[in-house]
file structure.csv (CSV, C-alpha atoms)
chain,number,residue,atom,x,y,z
A,1,MET,CA,-12.5,4.2,-5.5
A,2,PRO,CA,-14.1,7.6,-5.7
A,3,ASP,CA,-12.4,10.2,-8.0
A,4,ILE,CA,-10.3,13.1,-6.6
A,5,ARG,CA,-11.6,15.9,-8.9
A,6,ASP,CA,-10.4,14.8,-12.4
A,7,ILE,CA,-8.1,12.1,-11.0
A,8,LYS,CA,-9.3,8.5,-11.2
A,9,VAL,CA,-8.0,6.2,-8.4
A,10,PHE,CA,-7.8,2.5,-8.8
A,11,ILE,CA,-6.6,-0.4,-6.6
A,12,ILE,CA,-5.7,-3.3,-8.9
A,13,ALA,CA,-5.5,-6.8,-7.4
A,14,ASP,CA,-3.2,-9.3,-9.0
A,15,PHE,CA,-3.6,-12.9,-7.8
A,16,ASN,CA,-1.2,-15.5,-9.2
A,17,PHE,CA,-1.6,-18.8,-7.5
A,18,ASP,CA,-0.2,-18.3,-4.0
A,19,ASP,CA,1.1,-14.8,-4.7
A,20,PHE,CA,-0.9,-11.6,-4.5
A,21,ARG,CA,-0.2,-7.9,-5.1
A,22,TYR,CA,-2.4,-4.8,-4.7
A,23,THR,CA,-1.3,-1.8,-6.8
A,24,LEU,CA,-2.5,1.8,-6.4
A,25,VAL,CA,-2.8,3.6,-9.7
A,26,THR,CA,-3.9,7.2,-10.4
A,27,LEU,CA,-5.0,8.3,-13.9
A,28,LYS,CA,-5.7,11.8,-15.3
A,29,ASN,CA,-8.0,12.4,-18.3
A,30,ASP,CA,-9.0,8.7,-18.1
A,31,LYS,CA,-5.7,7.6,-19.8
A,32,LYS,CA,-2.5,9.1,-18.5
A,33,VAL,CA,-0.9,7.2,-15.5
A,34,ILE,CA,0.1,9.8,-12.9
A,35,SER,CA,1.4,7.5,-10.2
A,36,LYS,CA,1.6,3.8,-9.4
A,37,GLN,CA,2.7,2.1,-6.2
A,38,ASP,CA,2.4,-1.4,-4.7
A,39,ILE,CA,0.5,-1.2,-1.5
A,40,GLY,CA,-0.1,-4.8,-0.5
A,41,PHE,CA,2.1,-7.9,-1.1
A,42,ALA,CA,3.9,-10.8,0.5
A,43,LYS,CA,7.5,-11.9,0.3
A,44,GLU,CA,8.3,-15.6,0.0
A,45,GLY,CA,10.1,-17.3,2.8
A,46,ASP,CA,13.1,-19.6,2.6
A,47,GLU,CA,11.0,-22.7,2.6
A,48,SER,CA,8.5,-23.4,-0.2
A,49,ASN,CA,5.0,-22.0,0.2
A,50,THR,CA,5.9,-19.9,3.2
A,51,ILE,CA,5.7,-16.1,3.8
A,52,SER,CA,8.6,-14.2,5.5
A,53,GLU,CA,7.1,-10.7,5.2
A,54,ILE,CA,3.7,-9.2,4.4
A,55,THR,CA,2.7,-5.6,3.6
A,56,ASP,CA,-1.0,-4.7,4.1
A,57,PHE,CA,-2.8,-1.4,3.8
A,58,GLU,CA,-5.6,0.7,5.2
A,59,ILE,CA,-7.2,3.8,3.7
A,60,ASP,CA,-9.1,6.4,5.6
A,61,LYS,CA,-11.8,8.7,4.3
A,62,ASP,CA,-9.3,11.5,3.4
A,63,TYR,CA,-7.3,9.1,1.1
A,64,VAL,CA,-4.5,8.6,3.7
A,65,PHE,CA,-2.9,5.2,3.1
A,66,THR,CA,-1.2,3.4,5.9
A,67,LEU,CA,1.1,0.5,4.9
A,68,ASN,CA,2.2,-1.9,7.6
A,69,THR,CA,5.1,-4.2,6.8
A,70,LYS,CA,5.1,-7.3,9.1
A,71,SER,CA,7.9,-9.9,9.5
A,72,LYS,CA,7.3,-13.5,10.5
A,73,THR,CA,8.7,-14.3,14.0
A,74,GLU,CA,8.0,-17.8,15.3
A,75,ASN,CA,4.2,-18.2,14.9
A,76,ASP,CA,3.2,-14.5,14.5
A,77,PHE,CA,3.8,-11.5,12.4
A,78,LYS,CA,5.2,-8.3,14.0
A,79,ILE,CA,5.1,-4.8,12.4
A,80,ILE,CA,8.6,-3.8,11.4
A,81,LYS,CA,7.8,-0.7,9.4
A,82,THR,CA,4.8,1.7,9.0
A,83,GLU,CA,4.5,4.2,6.1
A,84,ARG,CA,1.8,6.8,5.4
A,85,PHE,CA,1.1,8.6,2.2
A,86,ARG,CA,-1.8,10.4,0.5
A,87,ILE,CA,-2.8,11.3,-3.0
A,88,ASP,CA,-2.5,15.0,-3.7
A,89,GLU,CA,-4.8,17.1,-6.0
A,90,ASN,CA,-2.5,16.3,-9.0
A,91,GLY,CA,-2.7,12.5,-8.5
A,92,LEU,CA,0.8,12.2,-7.1
A,93,ILE,CA,1.6,9.9,-4.1
A,94,VAL,CA,3.0,12.0,-1.4
A,95,VAL,CA,4.7,10.6,1.7
A,96,ILE,CA,3.4,11.8,5.1
A,97,LYS,CA,6.1,12.1,7.8

call {"tool": "encode", "arguments": {"input": "structure.csv", "output": "structure tokens"}}
result
Amino acid sequence: MPDIRDIKVFIIADFNFDDFRYTLVTLKNDKKVISKQDIGFAKEGDESNTISEITDFEIDKDYVFTLNTKSKTENDFKIIKTERFRIDENGLIVVIK
């Protein structure tokens, strides 16, 4: 992702067989981690190889992240929680209310 002044922004994908996780990381001076947050992942269901909940993310041009957590109901997923946050000029993750 593009830098925010001297803050480097990365989204790291971690795929482990059926599991996945996306983590947002901000660095300052190319080495110091300023903030880190999971922004995309799934929670395993009661039965093997099933998903009970999934969180996905969207990013707009102003670095506003929207996380939607969806829960499995019957055959569909319904949004149960929406969170929004942004990265400030210091590289910190700030919740938007």

call {"tool": "closest_atom_pairs", "arguments": {"input": "structure.csv", "of": "stretch 21-55 of chain A", "to": "stretch 85-88 of chain A", "cutoff": "12 Å", "atoms": "only C-alpha atoms", "output": "JSON lines"}}
result
{"residue": "A:Leu24", "atom": "CA", "partner": "A:Ile87", "partner_atom": "CA", "distance": 10.1}
{"residue": "A:Val25", "atom": "CA", "partner": "A:Ile87", "partner_atom": "CA", "distance": 10.2}
{"residue": "A:Thr26", "atom": "CA", "partner": "A:Ile87", "partner_atom": "CA", "distance": 8.5}
{"residue": "A:Leu27", "atom": "CA", "partner": "A:Ile87", "partner_atom": "CA", "distance": 11.5}
{"residue": "A:Ile34", "atom": "CA", "partner": "A:Ile87", "partner_atom": "CA", "distance": 10.4}
{"residue": "A:Ser35", "atom": "CA", "partner": "A:Ile87", "partner_atom": "CA", "distance": 9.2}
{"residue": "A:Lys36", "atom": "CA", "partner": "A:Ile87", "partner_atom": "CA", "distance": 10.8}
{"residue": "A:Gln37", "atom": "CA", "partner": "A:Phe85", "partner_atom": "CA", "distance": 10.7}
{"residue": "A:Ile39", "atom": "CA", "partner": "A:Phe85", "partner_atom": "CA", "distance": 10.5}

call {"tool": "closest_residue", "arguments": {"input": "structure.csv", "among": "A:Val95, A:Val9, A:Ile79, A:Ile51", "to": "A:Lys32", "atoms": "all atoms listed in the file"}}
result
A:Val9

call {"tool": "atom_distance", "arguments": {"input": "structure.csv", "atom1": "atom CA of A:Glu89", "atom2": "atom CA of A:Asp30"}}
result
15.3 Å

call {"tool": "closest_residue", "arguments": {"input": "structure.csv", "among": "A:Asp14, A:Arg5, A:Asn75, A:Ile59", "to": "A:Asp38", "atoms": "only C-alpha atoms"}}
result
A:Asp14

call {"tool": "residues_around", "arguments": {"input": "structure.csv", "residues": "A:Thr82", "least_positions_apart": "6", "cutoff": "8 Å", "atoms": "all atoms listed in the file", "output": "PyMOL selection string"}}
result
chain A and resi 66-69

call {"tool": "write_last_selection", "arguments": {"input": "structure.csv", "atoms": "C-alpha atoms", "output": "CSV table (one decimal), keeping the file's coordinate frame"}}
result
chain,number,residue,atom,x,y,z
A,66,THR,CA,-1.2,3.4,5.9
A,67,LEU,CA,1.1,0.5,4.9
A,68,ASN,CA,2.2,-1.9,7.6
A,69,THR,CA,5.1,-4.2,6.8

call {"tool": "closest_residue", "arguments": {"input": "structure.csv", "among": "A:Lys78, A:Pro2, A:Ser71, A:Asp56", "to": "A:Glu44", "atoms": "only C-alpha atoms"}}
result
A:Ser71

call {"tool": "closest_residue", "arguments": {"input": "structure.csv", "among": "A:Ile54, A:Lys72, A:Ala13, A:Lys97", "to": "A:Arg84", "atoms": "all atoms listed in the file"}}
result
A:Lys97

call {"tool": "build_atoms", "arguments": {"input": "structure.csv", "residues": "stretch 44-80 of chain A", "atoms": "N, CA and C atoms", "output": "short mmCIF file (atom, residue, chain, number, x, y, z; two decimals), keeping the file's coordinate frame"}}
result
data_model
loop_
_atom_site.label_atom_id
_atom_site.label_comp_id
_atom_site.auth_asym_id
_atom_site.auth_seq_id
_atom_site.Cartn_x
_atom_site.Cartn_y
_atom_site.Cartn_z
N GLU A 44 8.12 -14.16 -0.25
CA GLU A 44 8.30 -15.60 0.00
C GLU A 44 9.35 -15.85 1.01
N GLY A 45 9.13 -16.87 1.83
CA GLY A 45 10.10 -17.30 2.80
C GLY A 45 11.17 -18.20 2.21
N ASP A 46 12.08 -18.66 3.05
CA ASP A 46 13.10 -19.60 2.60
C ASP A 46 12.60 -20.92 2.19
N GLU A 47 11.58 -21.39 2.89
CA GLU A 47 11.00 -22.70 2.60
C GLU A 47 9.85 -22.48 1.57
N SER A 48 9.59 -23.49 0.78
CA SER A 48 8.50 -23.40 -0.20
C SER A 48 7.17 -23.19 0.43
N ASN A 49 6.36 -22.36 -0.21
CA ASN A 49 5.00 -22.00 0.20
C ASN A 49 4.95 -21.41 1.62
N THR A 50 5.95 -20.61 1.96
CA THR A 50 5.90 -19.90 3.20
C THR A 50 6.08 -18.38 2.93
N ILE A 51 5.65 -17.59 3.89
CA ILE A 51 5.70 -16.10 3.80
C ILE A 51 6.66 -15.63 4.87
N SER A 52 7.64 -14.79 4.51
CA SER A 52 8.60 -14.20 5.50
C SER A 52 8.16 -12.81 5.89
N GLU A 53 7.47 -12.12 4.98
CA GLU A 53 7.10 -10.70 5.20
C GLU A 53 5.83 -10.42 4.44
N ILE A 54 4.98 -9.60 5.04
CA ILE A 54 3.70 -9.20 4.40
C ILE A 54 3.53 -7.72 4.58
N THR A 55 3.05 -7.04 3.55
CA THR A 55 2.70 -5.60 3.60
C THR A 55 1.21 -5.51 3.35
N ASP A 56 0.47 -4.92 4.29
CA ASP A 56 -1.00 -4.70 4.10
C ASP A 56 -1.24 -3.20 4.18
N PHE A 57 -2.45 -2.80 3.85
CA PHE A 57 -2.80 -1.40 3.80
C PHE A 57 -4.15 -1.09 4.35
N GLU A 58 -4.31 0.15 4.80
CA GLU A 58 -5.60 0.70 5.20
C GLU A 58 -5.73 2.06 4.56
N ILE A 59 -6.97 2.46 4.29
CA ILE A 59 -7.20 3.80 3.70
C ILE A 59 -8.30 4.45 4.51
N ASP A 60 -8.05 5.72 4.85
CA ASP A 60 -9.10 6.40 5.60
C ASP A 60 -9.91 7.30 4.61
N LYS A 61 -10.91 7.99 5.13
CA LYS A 61 -11.80 8.70 4.30
C LYS A 61 -11.17 9.92 3.55
N ASP A 62 -9.99 10.35 4.03
CA ASP A 62 -9.30 11.50 3.40
C ASP A 62 -8.18 10.97 2.46
N TYR A 63 -8.28 9.70 2.04
CA TYR A 63 -7.30 9.10 1.10
C TYR A 63 -5.89 9.05 1.74
N VAL A 64 -5.80 8.88 3.03
CA VAL A 64 -4.50 8.60 3.70
C VAL A 64 -4.33 7.12 3.73
N PHE A 65 -3.24 6.64 3.13
CA PHE A 65 -2.90 5.20 3.10
C PHE A 65 -1.91 4.92 4.20
N THR A 66 -2.13 3.86 4.93
CA THR A 66 -1.20 3.40 5.90
C THR A 66 -0.74 1.99 5.50
N LEU A 67 0.56 1.83 5.27
CA LEU A 67 1.10 0.50 4.90
C LEU A 67 1.89 -0.01 6.11
N ASN A 68 1.55 -1.23 6.51
CA ASN A 68 2.20 -1.90 7.60
C ASN A 68 2.98 -3.09 7.04
N THR A 69 4.30 -3.10 7.21
CA THR A 69 5.10 -4.20 6.80
C THR A 69 5.36 -5.07 8.04
N LYS A 70 5.03 -6.36 7.95
CA LYS A 70 5.10 -7.30 9.10
C LYS A 70 6.10 -8.40 8.72
N SER A 71 6.91 -8.79 9.69
CA SER A 71 7.90 -9.90 9.50
C SER A 71 7.46 -11.06 10.35
N LYS A 72 7.67 -12.25 9.82
CA LYS A 72 7.30 -13.50 10.50
C LYS A 72 8.33 -13.75 11.62
N THR A 73 7.84 -13.92 12.85
CA THR A 73 8.70 -14.30 14.00
C THR A 73 7.94 -15.47 14.68
N GLU A 74 8.59 -16.60 14.74
CA GLU A 74 8.00 -17.80 15.30
C GLU A 74 6.62 -18.07 14.67
N ASN A 75 5.52 -17.85 15.39
CA ASN A 75 4.20 -18.20 14.90
C ASN A 75 3.37 -16.91 14.51
N ASP A 76 3.92 -15.72 14.76
CA ASP A 76 3.20 -14.50 14.50
C ASP A 76 3.93 -13.57 13.57
N PHE A 77 3.21 -12.52 13.17
CA PHE A 77 3.80 -11.50 12.40
C PHE A 77 3.89 -10.20 13.23
N LYS A 78 5.05 -9.54 13.24
CA LYS A 78 5.20 -8.30 14.00
C LYS A 78 5.48 -7.16 13.01
N ILE A 79 4.89 -6.00 13.30
CA ILE A 79 5.10 -4.80 12.40
C ILE A 79 6.54 -4.35 12.59
N ILE A 80 7.23 -4.24 11.44
CA ILE A 80 8.60 -3.80 11.40
C ILE A 80 8.74 -2.39 10.81
#
